[in-house]
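Undergrad: Just passing along the structure, written as structure tokens.
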Amino acid sequence: MKKPLSTDQTLLNMPSLRAVKCFVAAARYQSFTRAAEALCVTQAAISRQIRELEEHLGTILFERVGRAVKLTTAGSIFFEAAQLSFLNIAQAASRIRKDYGANARRTVVLCCSPAFSALWMAPRLPSFFSANPDIDLDLVTTQNFLSLEPGIQPDVFITKMARVRDGYVSRPLFHDRIYPVCTPGYLSEHPEIRSLEGLRSGVLLNLSPYGRSQVAEHVDWGIWLAIHHLDIEDRLRNGAHYFNANDYNVLIHMVLSNQGVALGFDHLVRPLIDKGQLTKPVEEELVLEETRHYFAYREDKADDSALNRFQDWFFEQSGVTHTSAE
């Protein structure tokens, strides 16, 4: 013999959602007439639903003030709870329509550094959106991937960390290639920077480590010149200035406005070089063979079509062949 289904007293004691909807509209507009217009029903229908709700609750929810209505103390308590519940329901319904409806649009959440977002992602995004009109991107930028705000769980990280979080699969990307960059006009006005010695004594725009997440080795002018057997301390003491900033976008903006020479990270400045906006005053460069950038994606979304389409596009744009996960 089947056990009879138990009744759910919570659901049975709930007031009519239609009545609560009418109540919220009347409370929001402080008018039964405006509530009726907003819900496309008659004023009589609003009055009837409010009366049924008041009978269900056993108390009056509105007081009439001329042609308007005003919430009673009990009405205010109920309105605060009812409005919040309806907002939550509306937001959940919107997300479901967006992600699972017949004309659903998918969203990929990407986390990367501000410099990568501005210099690598932004110039390339038009090609992604034109090829994937049904996919939106949410971009989260940070200098410290280890301390994101609680609740943020990106679908993809672009980072120098081989293991950024548990639950992510990492695919290796490119090594850093680092070389000086300036504008062609600046190079023409300062031909002395075509040599390493002249470069060392020129206006150097330097990326400092302060306030930045140090999850990989930091390369500044001192290190770069030392690799090429020059000591930064031998710069002319009364010569050109040496500018420090921990925001790479600021440095590139200054370079583009002919204020000096910065170290260019190839994956970030290559589009500007290809367009002729930047050039290399010397041929020397530094390649960090021991480290890479990584594309890390959520393991639980390995079969997500939107994520896979973004991944295919990203690797194509990077010029990197798909490699095994790490």
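In the structure tokens, the first chain shown is A, the next is B, and so on; residue numbers restart at 1 for each chain, and ligands run from 1 in the order shown.
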If we count only C-alpha atoms and set the cut-off at 12 Å, which residues sit around range 247-259 of chain A, ignoring sequence neighbours fewer than 3 positions away in its own chain? Please answer as an MDAnalysis selection string.
TA: chainID A and resid 113:120 142:143 180:190 202:213 220 240:244 262:265 268:269 272:273 276:280
Undergrad: Write down as an mmCIF file with N, CA and C atoms, in the first residue's frame the residues belonging to range 39-86 of chain A that are assigned strand (DSSP E or B) by DSSP computed on the backbone.
TA:
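Contents of the output file states30.cif:
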```cif
data_model
loop_
_atom_site.group_PDB
_atom_site.id
_atom_site.type_symbol
_atom_site.label_atom_id
_atom_site.label_comp_id
_atom_site.auth_asym_id
_atom_site.auth_seq_id
_atom_site.Cartn_x
_atom_site.Cartn_y
_atom_site.Cartn_z
ATOM 1 N N PHE A 62 -3.643 48.511 3.862
ATOM 2 C CA PHE A 62 -3.620 49.872 3.326
ATOM 3 C C PHE A 62 -4.582 50.771 4.090
ATOM 4 N N GLU A 63 -4.223 52.035 4.167
ATOM 5 C CA GLU A 63 -5.133 53.082 4.625
ATOM 6 C C GLU A 63 -5.332 54.056 3.477
ATOM 7 N N ARG A 64 -6.516 54.538 3.273
ATOM 8 C CA ARG A 64 -6.787 55.497 2.206
ATOM 9 C C ARG A 64 -6.413 56.905 2.663
ATOM 10 N N VAL A 65 -5.661 57.614 1.809
ATOM 11 C CA VAL A 65 -5.258 58.997 2.083
ATOM 12 C C VAL A 65 -5.639 59.811 0.860
ATOM 13 N N ALA A 68 -5.002 58.504 -2.794
ATOM 14 C CA ALA A 68 -3.899 57.555 -2.719
ATOM 15 C C ALA A 68 -4.144 56.569 -1.587
ATOM 16 N N VAL A 69 -3.272 55.602 -1.483
ATOM 17 C CA VAL A 69 -3.327 54.646 -0.380
ATOM 18 C C VAL A 69 -1.964 54.638 0.301
ATOM 19 N N LYS A 70 -1.976 54.328 1.580
ATOM 20 C CA LYS A 70 -0.759 54.315 2.383
ATOM 21 C C LYS A 70 -0.672 52.995 3.134
ATOM 22 N N LEU A 71 0.531 52.424 3.178
ATOM 23 C CA LEU A 71 0.716 51.150 3.872
ATOM 24 C C LEU A 71 0.551 51.318 5.377
#
```
Undergrad: Please indicate the distance in Å from CA of Glu54 in chain A to CA of Ala93 in chain A, rounded to one decimal place.
TA: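 Rounded to one decimal, the two atoms are 27.7 Å apart.
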Undergrad: Tell me, in Å to one decimal, how far CA of Arg106 in chain A is from CA of Ser127 in chain A.
TA: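 Pair CA of Arg106 in chain A / CA of Ser127 in chain A returns 17.0 Å.
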Undergrad: One decimal, in Å: what's the spacing between CA of Arg235 in chain A and CA of Leu199 in chain A?
TA: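 Separating CA of Arg235 in chain A from CA of Leu199 in chain A is a distance of 9.6 Å.
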Undergrad: Using the chain letters and numbers from this document, which residues of range 33-154 of chain A does DSSP assign to alpha helix (DSSP H), as a ChimeraX atom specification?
TA: /A:33-39,43-57,73-100,114-115,122-131
Undergrad: Can you tell me, as JSON, numbers by chain, what residues are no more than 12 Å from Ile46 in chain A when counting only C-alpha atoms, ignoring any on the same chain fewer than 2 positions away?
TA: {"A": [18, 19, 20, 21, 22, 23, 24, 25, 26, 27, 31, 32, 33, 34, 35, 36, 37, 38, 39, 40, 41, 42, 43, 44, 48, 49, 50, 51, 52, 53]}
Undergrad: What would the file look like if the residues just selected were written as a PDB file, in the first residue's frame with N, CA and C atoms?
TA:
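Final file, out_16.pdb:
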```pdb
ATOM      1  N   ARG A  18      -0.925  35.767  -7.034  1.00  0.00           N
ATOM      2  CA  ARG A  18      -1.571  36.822  -7.818  1.00  0.00           C
ATOM      3  C   ARG A  18      -1.955  37.978  -6.909  1.00  0.00           C
ATOM      4  N   ALA A  19      -2.483  37.655  -5.725  1.00  0.00           N
ATOM      5  CA  ALA A  19      -2.859  38.700  -4.776  1.00  0.00           C
ATOM      6  C   ALA A  19      -1.624  39.460  -4.290  1.00  0.00           C
ATOM      7  N   VAL A  20      -0.537  38.733  -4.033  1.00  0.00           N
ATOM      8  CA  VAL A  20       0.688  39.385  -3.563  1.00  0.00           C
ATOM      9  C   VAL A  20       1.247  40.290  -4.656  1.00  0.00           C
ATOM     10  N   LYS A  21       1.167  39.845  -5.907  1.00  0.00           N
ATOM     11  CA  LYS A  21       1.641  40.665  -7.024  1.00  0.00           C
ATOM     12  C   LYS A  21       0.852  41.967  -7.104  1.00  0.00           C
ATOM     13  N   CYS A  22      -0.450  41.897  -6.953  1.00  0.00           N
ATOM     14  CA  CYS A  22      -1.283  43.110  -6.962  1.00  0.00           C
ATOM     15  C   CYS A  22      -0.942  44.011  -5.779  1.00  0.00           C
ATOM     16  N   PHE A  23      -0.694  43.395  -4.630  1.00  0.00           N
ATOM     17  CA  PHE A  23      -0.341  44.160  -3.434  1.00  0.00           C
ATOM     18  C   PHE A  23       0.969  44.920  -3.645  1.00  0.00           C
ATOM     19  N   VAL A  24       1.972  44.255  -4.184  1.00  0.00           N
ATOM     20  CA  VAL A  24       3.272  44.896  -4.403  1.00  0.00           C
ATOM     21  C   VAL A  24       3.129  46.080  -5.352  1.00  0.00           C
ATOM     22  N   ALA A  25       2.366  45.895  -6.415  1.00  0.00           N
ATOM     23  CA  ALA A  25       2.169  46.989  -7.368  1.00  0.00           C
ATOM     24  C   ALA A  25       1.448  48.165  -6.706  1.00  0.00           C
ATOM     25  N   ALA A  26       0.406  47.892  -5.921  1.00  0.00           N
ATOM     26  CA  ALA A  26      -0.344  48.958  -5.254  1.00  0.00           C
ATOM     27  C   ALA A  26       0.532  49.679  -4.241  1.00  0.00           C
ATOM     28  N   ALA A  27       1.373  48.923  -3.520  1.00  0.00           N
ATOM     29  CA  ALA A  27       2.249  49.535  -2.524  1.00  0.00           C
ATOM     30  C   ALA A  27       3.334  50.375  -3.199  1.00  0.00           C
ATOM     31  N   SER A  31      -1.243  53.539  -5.197  1.00  0.00           N
ATOM     32  CA  SER A  31      -2.494  53.818  -5.905  1.00  0.00           C
ATOM     33  C   SER A  31      -3.002  52.527  -6.525  1.00  0.00           C
ATOM     34  N   PHE A  32      -4.276  52.192  -6.271  1.00  0.00           N
ATOM     35  CA  PHE A  32      -4.880  51.022  -6.909  1.00  0.00           C
ATOM     36  C   PHE A  32      -5.033  51.260  -8.404  1.00  0.00           C
ATOM     37  N   THR A  33      -5.319  52.518  -8.777  1.00  0.00           N
ATOM     38  CA  THR A  33      -5.519  52.833 -10.194  1.00  0.00           C
ATOM     39  C   THR A  33      -4.232  52.630 -10.985  1.00  0.00           C
ATOM     40  N   ARG A  34      -3.118  53.169 -10.481  1.00  0.00           N
ATOM     41  CA  ARG A  34      -1.830  53.020 -11.181  1.00  0.00           C
ATOM     42  C   ARG A  34      -1.366  51.576 -11.167  1.00  0.00           C
ATOM     43  N   ALA A  35      -1.656  50.848 -10.089  1.00  0.00           N
ATOM     44  CA  ALA A  35      -1.301  49.429 -10.035  1.00  0.00           C
ATOM     45  C   ALA A  35      -2.063  48.666 -11.113  1.00  0.00           C
ATOM     46  N   ALA A  36      -3.328  49.008 -11.295  1.00  0.00           N
ATOM     47  CA  ALA A  36      -4.132  48.345 -12.330  1.00  0.00           C
ATOM     48  C   ALA A  36      -3.567  48.627 -13.715  1.00  0.00           C
ATOM     49  N   GLU A  37      -3.146  49.873 -13.965  1.00  0.00           N
ATOM     50  CA  GLU A  37      -2.559  50.225 -15.257  1.00  0.00           C
ATOM     51  C   GLU A  37      -1.247  49.478 -15.491  1.00  0.00           C
ATOM     52  N   ALA A  38      -0.449  49.359 -14.430  1.00  0.00           N
ATOM     53  CA  ALA A  38       0.846  48.687 -14.565  1.00  0.00           C
ATOM     54  C   ALA A  38       0.688  47.208 -14.856  1.00  0.00           C
ATOM     55  N   LEU A  39      -0.352  46.582 -14.288  1.00  0.00           N
ATOM     56  CA  LEU A  39      -0.557  45.143 -14.462  1.00  0.00           C
ATOM     57  C   LEU A  39      -1.570  44.821 -15.554  1.00  0.00           C
ATOM     58  N   CYS A  40      -2.095  45.868 -16.206  1.00  0.00           N
ATOM     59  CA  CYS A  40      -3.070  45.686 -17.296  1.00  0.00           C
ATOM     60  C   CYS A  40      -4.314  44.931 -16.833  1.00  0.00           C
ATOM     61  N   VAL A  41      -4.824  45.310 -15.675  1.00  0.00           N
ATOM     62  CA  VAL A  41      -6.070  44.749 -15.168  1.00  0.00           C
ATOM     63  C   VAL A  41      -6.955  45.919 -14.734  1.00  0.00           C
ATOM     64  N   THR A  42      -8.154  45.621 -14.246  1.00  0.00           N
ATOM     65  CA  THR A  42      -9.054  46.676 -13.802  1.00  0.00           C
ATOM     66  C   THR A  42      -8.756  47.040 -12.346  1.00  0.00           C
ATOM     67  N   GLN A  43      -9.199  48.237 -11.963  1.00  0.00           N
ATOM     68  CA  GLN A  43      -9.018  48.643 -10.576  1.00  0.00           C
ATOM     69  C   GLN A  43      -9.815  47.733  -9.644  1.00  0.00           C
ATOM     70  N   ALA A  44     -10.979  47.285 -10.119  1.00  0.00           N
ATOM     71  CA  ALA A  44     -11.806  46.382  -9.313  1.00  0.00           C
ATOM     72  C   ALA A  44     -11.062  45.086  -9.027  1.00  0.00           C
ATOM     73  N   ARG A  48     -10.142  43.655  -5.350  1.00  0.00           N
ATOM     74  CA  ARG A  48     -10.576  42.316  -4.934  1.00  0.00           C
ATOM     75  C   ARG A  48      -9.392  41.483  -4.425  1.00  0.00           C
ATOM     76  N   GLN A  49      -8.263  41.536  -5.150  1.00  0.00           N
ATOM     77  CA  GLN A  49      -7.092  40.754  -4.744  1.00  0.00           C
ATOM     78  C   GLN A  49      -6.531  41.264  -3.409  1.00  0.00           C
ATOM     79  N   ILE A  50      -6.533  42.577  -3.222  1.00  0.00           N
ATOM     80  CA  ILE A  50      -6.034  43.138  -1.962  1.00  0.00           C
ATOM     81  C   ILE A  50      -6.939  42.714  -0.805  1.00  0.00           C
ATOM     82  N   ARG A  51      -8.259  42.752  -1.051  1.00  0.00           N
ATOM     83  CA  ARG A  51      -9.210  42.360  -0.008  1.00  0.00           C
ATOM     84  C   ARG A  51      -9.019  40.893   0.367  1.00  0.00           C
ATOM     85  N   GLU A  52      -8.812  40.016  -0.612  1.00  0.00           N
ATOM     86  CA  GLU A  52      -8.588  38.593  -0.330  1.00  0.00           C
ATOM     87  C   GLU A  52      -7.298  38.393   0.454  1.00  0.00           C
ATOM     88  N   LEU A  53      -6.267  39.179   0.120  1.00  0.00           N
ATOM     89  CA  LEU A  53      -4.992  39.051   0.833  1.00  0.00           C
ATOM     90  C   LEU A  53      -5.151  39.513   2.276  1.00  0.00           C
TER      91      LEU A  53
END
```
Undergrad: Quick one: of A:Ile135, A:Leu110, A:Ala302, A:Leu230, who's nearest to Ile158 in chain A, counting only C-alpha atoms?
TA: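 The closest residue to Ile158 in chain A is A:Leu110.
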Undergrad: Using only C-alpha atoms, find the one residue out of A:Asp231, A:Asp266, A:Glu299, A:Asp134 that sits nearest to Gln153 in chain A.
TA: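 Of all the options, A:Glu299 lies closest to Gln153 in chain A.
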Undergrad: Check the smallest atom-to-atom distance from each of A:Phe310, A:Leu57, A:Glu290, A:Arg270 to Lys160 in chain A using only C-alpha atoms, then report the winner.
TA: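 Nearest candidate to Lys160 in chain A out of A:Phe310, A:Leu57, A:Glu290, A:Arg270: A:Glu290.
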Undergrad: Could you check the closest approach to Gly167 in chain A for each of A:Ala81, A:Ala296, A:Leu17, A:Ala245 and tell me which residue wins, using only C-alpha atoms?
TA: A:Ala296
